[in-house]
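Novice: Have a look at this one before I ask anything.
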Amino acid sequence: MPTSDLTGSSSATIAEILAKFGTDSKTGLNSVDVQQRLNKYGPNALAEEKKSSLSAFLAYFWGPIPWMIEAAGLTALIVRDWGDFTIIASLLLFNALLGFWEEHEASNALGALKSSLALKARVLRGGKWQEVDARTLVPGDIIRLYLGDVIPADCKLIQGDYISVDQSALTGESLPVTKKTGEDAYSGSVVKQGEMVAVITATGANTFFGRTAKLVAGAGNISHFQRAVMKIGNFLIILALVLVVILVANRLFDMRGHYDRAVLLRLAEIVLILLVASVPVAMPAVLSVTMALGARRLAKSKAIVSRLEAIEELAGVDVLCSDKTGTLTQNKLTLGEAQPWAGTDAQTLILMASVASRPADNDPIDLAIMAGLKDSSVLKSYQQENYVPFDPVGKRTEATIKDASGKVFKVTKGAPQVILGLAKLSGADLEKAQQTVNGFASRGYRTIGVAVAQGDGPWVFLGILPLLDPPRPDSKSTIARAREYGVEVKMVTGDNVAIARQISLELDMGTNIQPATELFPGDITKGQIPLDAAEKIDEADGFAQVFPEHKYAIVKILQENGHIVGMTGDGVNDAPALKQADVGIAVSGATEAARAAAALILTAPGLSVIIEGIAEARRIFERMMSYVLYRIAMTIAIMVFVVLASIYYHFFPLTAIMLIALALLDDVPIMTIAFDNASVSPQPVKWELDRVLVISSVLGLLGVIQSFGLLYLGDTLHHLDHPQLQTMMFLQLVAGGHLLLFVTRTRRAFWKPPYPNAKLFFAIVVTQIAAVFMCSQGWLVPPLPWRIIGFVWAYNLAWMIVQDIVKLGIYGMLDPVRAWKRSLFQPLRVPMPRGPEAVR
């Protein structure tokens, strides 16, 4: 279908369309019809190409790392070393199984996230409206489209006044397109205004768009953190290759031209296995599964990430712009004392506001107003001929009503400033209304204005209804907790300044509330932002009288001021701000459009869900960081020691079998690092390459000194022969490596909480017991006496304390540097008073 046809309507009548699809606009399809059509047309989604488990498993035998292991096995086969060949083949199989398991875990976690983010649709089936997964829709289904909905399939509009849809994803049009009865709407478009009923005409691959809205965008993408880690991995591989070249050159020089084929093949085998044991083979897989399982933990905390890289961004948030209603407050409104205007009374005022409501929407404001009626049966005397729902721009609802006598009139309710302007109040009446609104606002009440119009006559102001939405019980403590995490919470609300200030005061957030309408007096859609707005926004504790376009500007300015910004939202007009924010957060009950734009989707109300999400993201970040520090340090410790020891002592300190066993024993605990207990950083965290390299390089070089020290003691103090020295160094690298993991897993002293997770701890214990019995019983390695094994362990425990002291010293030196850097780029903030003394 050409682009030009997208705004046109079909020549077929609505009755013909309904007849063609065998459906009825009053009852919809029945369950038998739905099942038959699902079998015929398939689900309302594009078929995904999934790799079979076998092909996914076989892929782990193809690539640079598997090739090195396979080449090592081939050289062992050529020299007929069946023992080495068997163990190398075991290493290859183990690495494949480990990678396959980690990919399976990550895939399962992401699959669970995608299913929880599935697009929903309101459909009429069997005469009842119900909410179903969009993938179950079939041609002929009758659906209802509301403001903020992502249209789930191609459809024909059959009932209602109009909808305005954003179909820029299809046509590139920058402005929404208005569509009326008889016109087509297309899958993936977003309803920006209005509501209508439609019949589904095409689903899945048969739609114009060709797919349903992509809610989990790029869930498998590599984050900034992972890209940086891959850079480190490449650096370490290059370092390893350079050291290997030096090693090979030295060995060839020692041969002085007397080259033996078997010796050369053995050298090639050891070099290949050394590379495999040293380079961070499992790094990408470990990081992916750590983030995927972390995302699953976040989901259990009622916070779902729409893409994995959002975890890194969430861990770095330092400013959170939070909606007031439903996030900081309970969103459980109760009606206060009605304030009727001259010529009406309280019950009439509440009645008129009630007929300008729609119970089916379950809107908290509507329900609170209707609950104020003494006799709700009076509503049966009024019939809604037409209803225009609330939208964030107009900030009011409007209903056309026919009473029992057949008289038709219009009623509207909404934000007081909008209704007062509509009724054109002036002079003393306007001043009285504004004083009433401000008086209620100073006590934390939000207010609703009500007006009525007879036919095409002017709007007549009827009065003001106060509504109280008290703060959530946990909001104050949660904000204090956020402050402890280095996160500043700024309130964002469409209510007036007085209400925002009162709620902010109750929550100990400060009282520097900036009215957005004064911050941005010009047309911000044209980039008209005052020069002094940046400083005011940075210093503000919150923002009142906020329209959706203001949210975008607030986020943009905070980012330009050097902040990592989280922004909450729930409406279709919030989507630009949610996309612009480093972490867009769709609150519980948000529209599909807001959910599609957000990085974090909440399934429970309240600020505590967000703050717990930030804390969990920082724990995930710490787990990844501890692994990266450990992996870099171990690569340096193994490679530099083996190469230098080979050059200085003229023999390999480890055999090929030992290197393979080292790689195997090292990989077992690494699988469990995703489950480890981690602390929550008191400040926002982000990837700092220079810091990581400094810490890991120092610890790695300490490991080299540690290994050389033990080799020297084994040679001069215990007078061990070369085979026993090799076994001793094997045990040293296994024990020292895992003890180093205990050191790197926390910024604190290793004996302080958080203590290792049981899975990680016992995985390390089991591998250490295996290594000890290998060395004592002579399994695959020359045996060592128990006294030497005890000496190696005592030596390693002593060095573990040394490494931990050095680690604490490095952090002690680097933390002030980090704080100094932060102070350079962070704008100067003048602390605002909080608590009762802050009242102005």
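Each chain in the structure tokens gets a letter, A, B and so on, in the order shown; residues start at 1 in every chain, and ligands are counted from 1 in the order they appear.
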If you count only C-alpha atoms, which residues fall within 7 Å of Ser164 (chain A), apart from same-chain ones fewer than 2 positions away, as a PyMOL selection string?
Specialist: chain A and resi 162+166+176-179+191-194
Novice: So that I can check the surroundings of Val489 (chain A), please list as an NGL selection string every protein, DNA and RNA residue that reaches within 8 Å of it, counting only C-alpha atoms and ignoring chain neighbours fewer than 6 positions away.
Specialist: :A and (319-322 or 479 or 482-483 or 509 or 541)
Novice: May I ask which of the residues A:Val317, A:Ile143, A:Ile350, A:Leu468 is the closest one to Thr23 (chain A), counting only C-alpha atoms?
Specialist: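 Among the listed residues, the smallest separation from Thr23 (chain A) belongs to A:Ile143.
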Novice: Within 8 Å of region 325-341 of chain A, counting only C-alpha atoms, which residues show up once you throw out same-chain ones fewer than 4 positions away? Write them as number ranges by chain, please.
Specialist: A: 345-346, 349-350, 364-365, 368-369, 371-372, 461-472, 475, 493, 587, 605-607
Novice: Filtering to N, CA and C atoms, could you give me those residues as a short mmCIF file (atom, residue, chain, number, x, y, z; two decimals), in the first residue's frame?
Specialist:
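Once everything was written out, this is result_17.cif:
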```
data_model
loop_
_atom_site.label_atom_id
_atom_site.label_comp_id
_atom_site.auth_asym_id
_atom_site.auth_seq_id
_atom_site.Cartn_x
_atom_site.Cartn_y
_atom_site.Cartn_z
N ASP A 345 -25.89 24.64 44.38
CA ASP A 345 -25.62 24.08 45.72
C ASP A 345 -24.61 22.95 45.59
N ALA A 346 -24.15 22.43 46.75
CA ALA A 346 -23.06 21.45 46.77
C ALA A 346 -23.42 20.18 46.01
N LEU A 349 -23.48 20.72 42.26
CA LEU A 349 -22.11 20.84 41.78
C LEU A 349 -21.49 19.45 41.60
N ILE A 350 -21.65 18.59 42.62
CA ILE A 350 -21.08 17.23 42.55
C ILE A 350 -21.77 16.43 41.45
N PRO A 364 -9.41 7.74 39.14
CA PRO A 364 -9.51 8.05 40.57
C PRO A 364 -10.27 9.33 40.87
N ILE A 365 -10.10 10.37 40.03
CA ILE A 365 -10.82 11.64 40.25
C ILE A 365 -12.32 11.43 40.04
N ALA A 368 -13.83 9.43 42.93
CA ALA A 368 -13.93 10.21 44.18
C ALA A 368 -15.10 11.19 44.11
N ILE A 369 -15.30 11.81 42.95
CA ILE A 369 -16.40 12.78 42.79
C ILE A 369 -17.75 12.07 42.90
N ALA A 371 -18.43 9.32 44.33
CA ALA A 371 -18.64 8.82 45.69
C ALA A 371 -19.24 9.89 46.59
N GLY A 372 -19.13 11.17 46.19
CA GLY A 372 -19.66 12.27 46.99
C GLY A 372 -21.16 12.48 46.82
N PHE A 461 -19.60 29.12 35.27
CA PHE A 461 -18.82 28.48 36.34
C PHE A 461 -19.74 28.04 37.48
N LEU A 462 -19.63 26.76 37.88
CA LEU A 462 -20.50 26.22 38.93
C LEU A 462 -19.83 26.13 40.30
N GLY A 463 -18.50 25.99 40.33
CA GLY A 463 -17.83 25.93 41.62
C GLY A 463 -16.57 25.07 41.59
N ILE A 464 -16.07 24.78 42.79
CA ILE A 464 -14.78 24.11 42.94
C ILE A 464 -14.95 22.90 43.86
N LEU A 465 -14.36 21.78 43.46
CA LEU A 465 -14.38 20.56 44.27
C LEU A 465 -12.96 20.26 44.75
N PRO A 466 -12.72 20.21 46.07
CA PRO A 466 -11.39 19.89 46.59
C PRO A 466 -11.20 18.38 46.73
N LEU A 467 -10.04 17.90 46.37
CA LEU A 467 -9.72 16.47 46.47
C LEU A 467 -8.39 16.31 47.19
N LEU A 468 -8.36 15.41 48.16
CA LEU A 468 -7.14 15.19 48.93
C LEU A 468 -6.49 13.88 48.50
N ASP A 469 -5.23 13.96 48.13
CA ASP A 469 -4.44 12.78 47.77
C ASP A 469 -3.21 12.76 48.69
N PRO A 470 -3.29 12.09 49.83
CA PRO A 470 -2.21 12.16 50.82
C PRO A 470 -0.95 11.44 50.35
N PRO A 471 0.22 11.82 50.88
CA PRO A 471 1.47 11.13 50.52
C PRO A 471 1.41 9.65 50.89
N ARG A 472 2.11 8.83 50.14
CA ARG A 472 2.23 7.41 50.49
C ARG A 472 2.99 7.28 51.81
N SER A 475 6.81 7.17 51.36
CA SER A 475 7.49 8.13 50.48
C SER A 475 8.60 8.89 51.20
N THR A 493 4.88 17.84 38.85
CA THR A 493 3.43 17.72 38.94
C THR A 493 2.73 18.78 38.09
N VAL A 587 5.49 4.47 34.89
CA VAL A 587 4.95 4.08 36.19
C VAL A 587 3.83 3.07 36.02
N PRO A 605 2.91 0.57 42.15
CA PRO A 605 3.04 2.02 42.35
C PRO A 605 4.04 2.35 43.45
N GLY A 606 4.47 3.61 43.45
CA GLY A 606 5.31 4.10 44.54
C GLY A 606 6.76 4.33 44.15
N LEU A 607 7.37 5.30 44.86
CA LEU A 607 8.77 5.65 44.62
C LEU A 607 9.71 4.54 45.09
#
```
Novice: Please identify all polymer residues within 7 Å of Arg135 (chain A), counting only C-alpha atoms, omitting same-chain residues fewer than 6 positions from it, and present them as number ranges by chain.
Specialist: A: 43-45
Novice: For the residues in the current selection, export N, CA, C and O atoms as a tab-separated table (two decimals), in the first residue's frame.
Specialist:
```
chain	number	residue	atom	x	y	z
A	43	PRO	N	-0.81	-16.25	15.19
A	43	PRO	CA	-0.81	-15.18	16.20
A	43	PRO	C	-0.53	-13.81	15.60
A	43	PRO	O	0.07	-13.73	14.51
A	44	ASN	N	-0.96	-12.78	16.29
A	44	ASN	CA	-0.75	-11.40	15.83
A	44	ASN	C	0.67	-10.96	16.16
A	44	ASN	O	0.90	-10.10	17.00
A	45	ALA	N	1.64	-11.58	15.52
A	45	ALA	CA	3.07	-11.27	15.75
A	45	ALA	C	3.85	-11.86	14.60
A	45	ALA	O	3.40	-12.80	13.93
```
Novice: How many Å separate CA of Met774 (chain A) from CA of Leu662 (chain A)?
Specialist: 11.5 Å
Novice: Would you give me, as a ChimeraX atom specification, the residues in region 62-168 of chain A that DSSP reads as alpha helix (DSSP H)?
Specialist: /A:64-78,82-116,168
Novice: Give me the residues within 6 Å of Leu699 (chain A) as a ChimeraX atom specification, counting only C-alpha atoms and dropping any in the same chain fewer than 3 places off.
Specialist: /A:633,696,702
Novice: Could the residues in this selection be saved with all heavy atoms as a PDB file, in the first residue's frame?
Specialist:
```pdb
ATOM      1  N   ALA A 633      43.233  -9.024  36.542  1.00  0.00           N
ATOM      2  CA  ALA A 633      44.348  -9.306  37.462  1.00  0.00           C
ATOM      3  C   ALA A 633      44.893 -10.712  37.249  1.00  0.00           C
ATOM      4  O   ALA A 633      46.114 -10.924  37.220  1.00  0.00           O
ATOM      5  CB  ALA A 633      43.886  -9.118  38.913  1.00  0.00           C
ATOM      6  N   SER A 696      43.231  -3.362  38.904  1.00  0.00           N
ATOM      7  CA  SER A 696      43.485  -4.743  38.472  1.00  0.00           C
ATOM      8  C   SER A 696      44.960  -4.966  38.118  1.00  0.00           C
ATOM      9  O   SER A 696      45.509  -6.036  38.400  1.00  0.00           O
ATOM     10  CB  SER A 696      42.598  -5.092  37.281  1.00  0.00           C
ATOM     11  OG  SER A 696      42.765  -4.166  36.235  1.00  0.00           O
ATOM     12  N   LEU A 702      50.999  -7.809  41.782  1.00  0.00           N
ATOM     13  CA  LEU A 702      51.214  -8.419  43.101  1.00  0.00           C
ATOM     14  C   LEU A 702      51.163  -9.943  42.999  1.00  0.00           C
ATOM     15  O   LEU A 702      51.933 -10.652  43.661  1.00  0.00           O
ATOM     16  CB  LEU A 702      50.137  -7.942  44.084  1.00  0.00           C
ATOM     17  CG  LEU A 702      50.418  -6.675  44.888  1.00  0.00           C
ATOM     18  CD1 LEU A 702      49.226  -6.368  45.782  1.00  0.00           C
ATOM     19  CD2 LEU A 702      51.672  -6.821  45.740  1.00  0.00           C
TER      20      LEU A 702
END
```
Novice: Please determine, counting only C-alpha atoms, which residue among A:Thr348, A:Ser52, A:Ser679, A:Thr716 has the shortest atom-to-atom distance to Pro753 (chain A).
Specialist: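 Of A:Thr348, A:Ser52, A:Ser679, A:Thr716, the one nearest Pro753 (chain A), counting only C-alpha atoms, is A:Ser679.
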Novice: Compile the contact shell of Glu398 (chain A) as a ChimeraX atom specification: residues with an atom at most 6 Å away, counting only C-alpha atoms, same-chain residues fewer than 6 positions apart removed.
Specialist: /A:356,387-388,411-412
Novice: I need the residues from that last selection saved to file as a compact mmCIF listing (two decimals), in the first residue's frame (with C-alpha atoms), if you can.
Specialist:
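The resulting file, result-v6.txt, is reproduced below:
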```
# COMPACT_ATOMS: atom_id res chain seq x y z
CA ALA A 356 -18.87 14.82 33.16
CA TYR A 387 -17.83 12.27 25.98
CA VAL A 388 -14.39 13.83 25.44
CA VAL A 411 -20.67 19.95 31.27
CA THR A 412 -16.91 20.22 31.72
```
Novice: Find the residues near Val765 (chain A): any atom within 10 Å, counting only C-alpha atoms, skip ones fewer than 4 places away on the same chain, and give them as a list in words.
Specialist: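 Skipping anything fewer than 4 positions along the chain leaves Pro669, Ala735, His738, Lys759, Leu760, Phe761, Ile769, Ala770 and Ala771 of chain A.
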Novice: Save out the residues we just selected, N, CA, C and O atoms, as a tab-separated table (two decimals), in the first residue's frame.
Specialist:
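Wrote part37.tsv, looks like this:
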```tsv
chain	number	residue	atom	x	y	z
A	669	PRO	N	33.65	-21.63	39.56
A	669	PRO	CA	33.06	-20.59	40.42
A	669	PRO	C	32.57	-19.37	39.65
A	669	PRO	O	31.65	-18.68	40.10
A	735	ALA	N	44.66	-21.74	44.07
A	735	ALA	CA	44.26	-21.20	45.38
A	735	ALA	C	44.34	-19.68	45.40
A	735	ALA	O	43.40	-18.99	45.83
A	738	HIS	N	41.42	-17.90	43.34
A	738	HIS	CA	40.10	-17.84	43.98
A	738	HIS	C	40.10	-16.99	45.25
A	738	HIS	O	39.09	-16.36	45.58
A	759	LYS	N	26.31	-20.05	46.90
A	759	LYS	CA	26.66	-20.73	45.64
A	759	LYS	C	28.10	-20.45	45.26
A	759	LYS	O	28.85	-21.36	44.86
A	760	LEU	N	28.51	-19.18	45.36
A	760	LEU	CA	29.88	-18.80	45.02
A	760	LEU	C	30.86	-19.43	46.01
A	760	LEU	O	31.89	-20.00	45.61
A	761	PHE	N	30.55	-19.33	47.30
A	761	PHE	CA	31.47	-19.82	48.33
A	761	PHE	C	31.71	-21.31	48.19
A	761	PHE	O	32.86	-21.77	48.18
A	769	ILE	N	39.08	-28.07	47.04
A	769	ILE	CA	39.24	-29.45	47.52
A	769	ILE	C	39.71	-30.35	46.38
A	769	ILE	O	40.61	-31.19	46.54
A	770	ALA	N	39.11	-30.13	45.19
A	770	ALA	CA	39.52	-30.92	44.02
A	770	ALA	C	40.98	-30.68	43.69
A	770	ALA	O	41.72	-31.64	43.40
A	771	ALA	N	41.41	-29.41	43.73
A	771	ALA	CA	42.81	-29.10	43.41
A	771	ALA	C	43.76	-29.71	44.45
A	771	ALA	O	44.83	-30.24	44.10
```
Novice: CA of Ile632 (chain A) and CA of Leu274 (chain A), how far apart in Å?
Specialist: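 Interatomic distance here is 15.1 Å.
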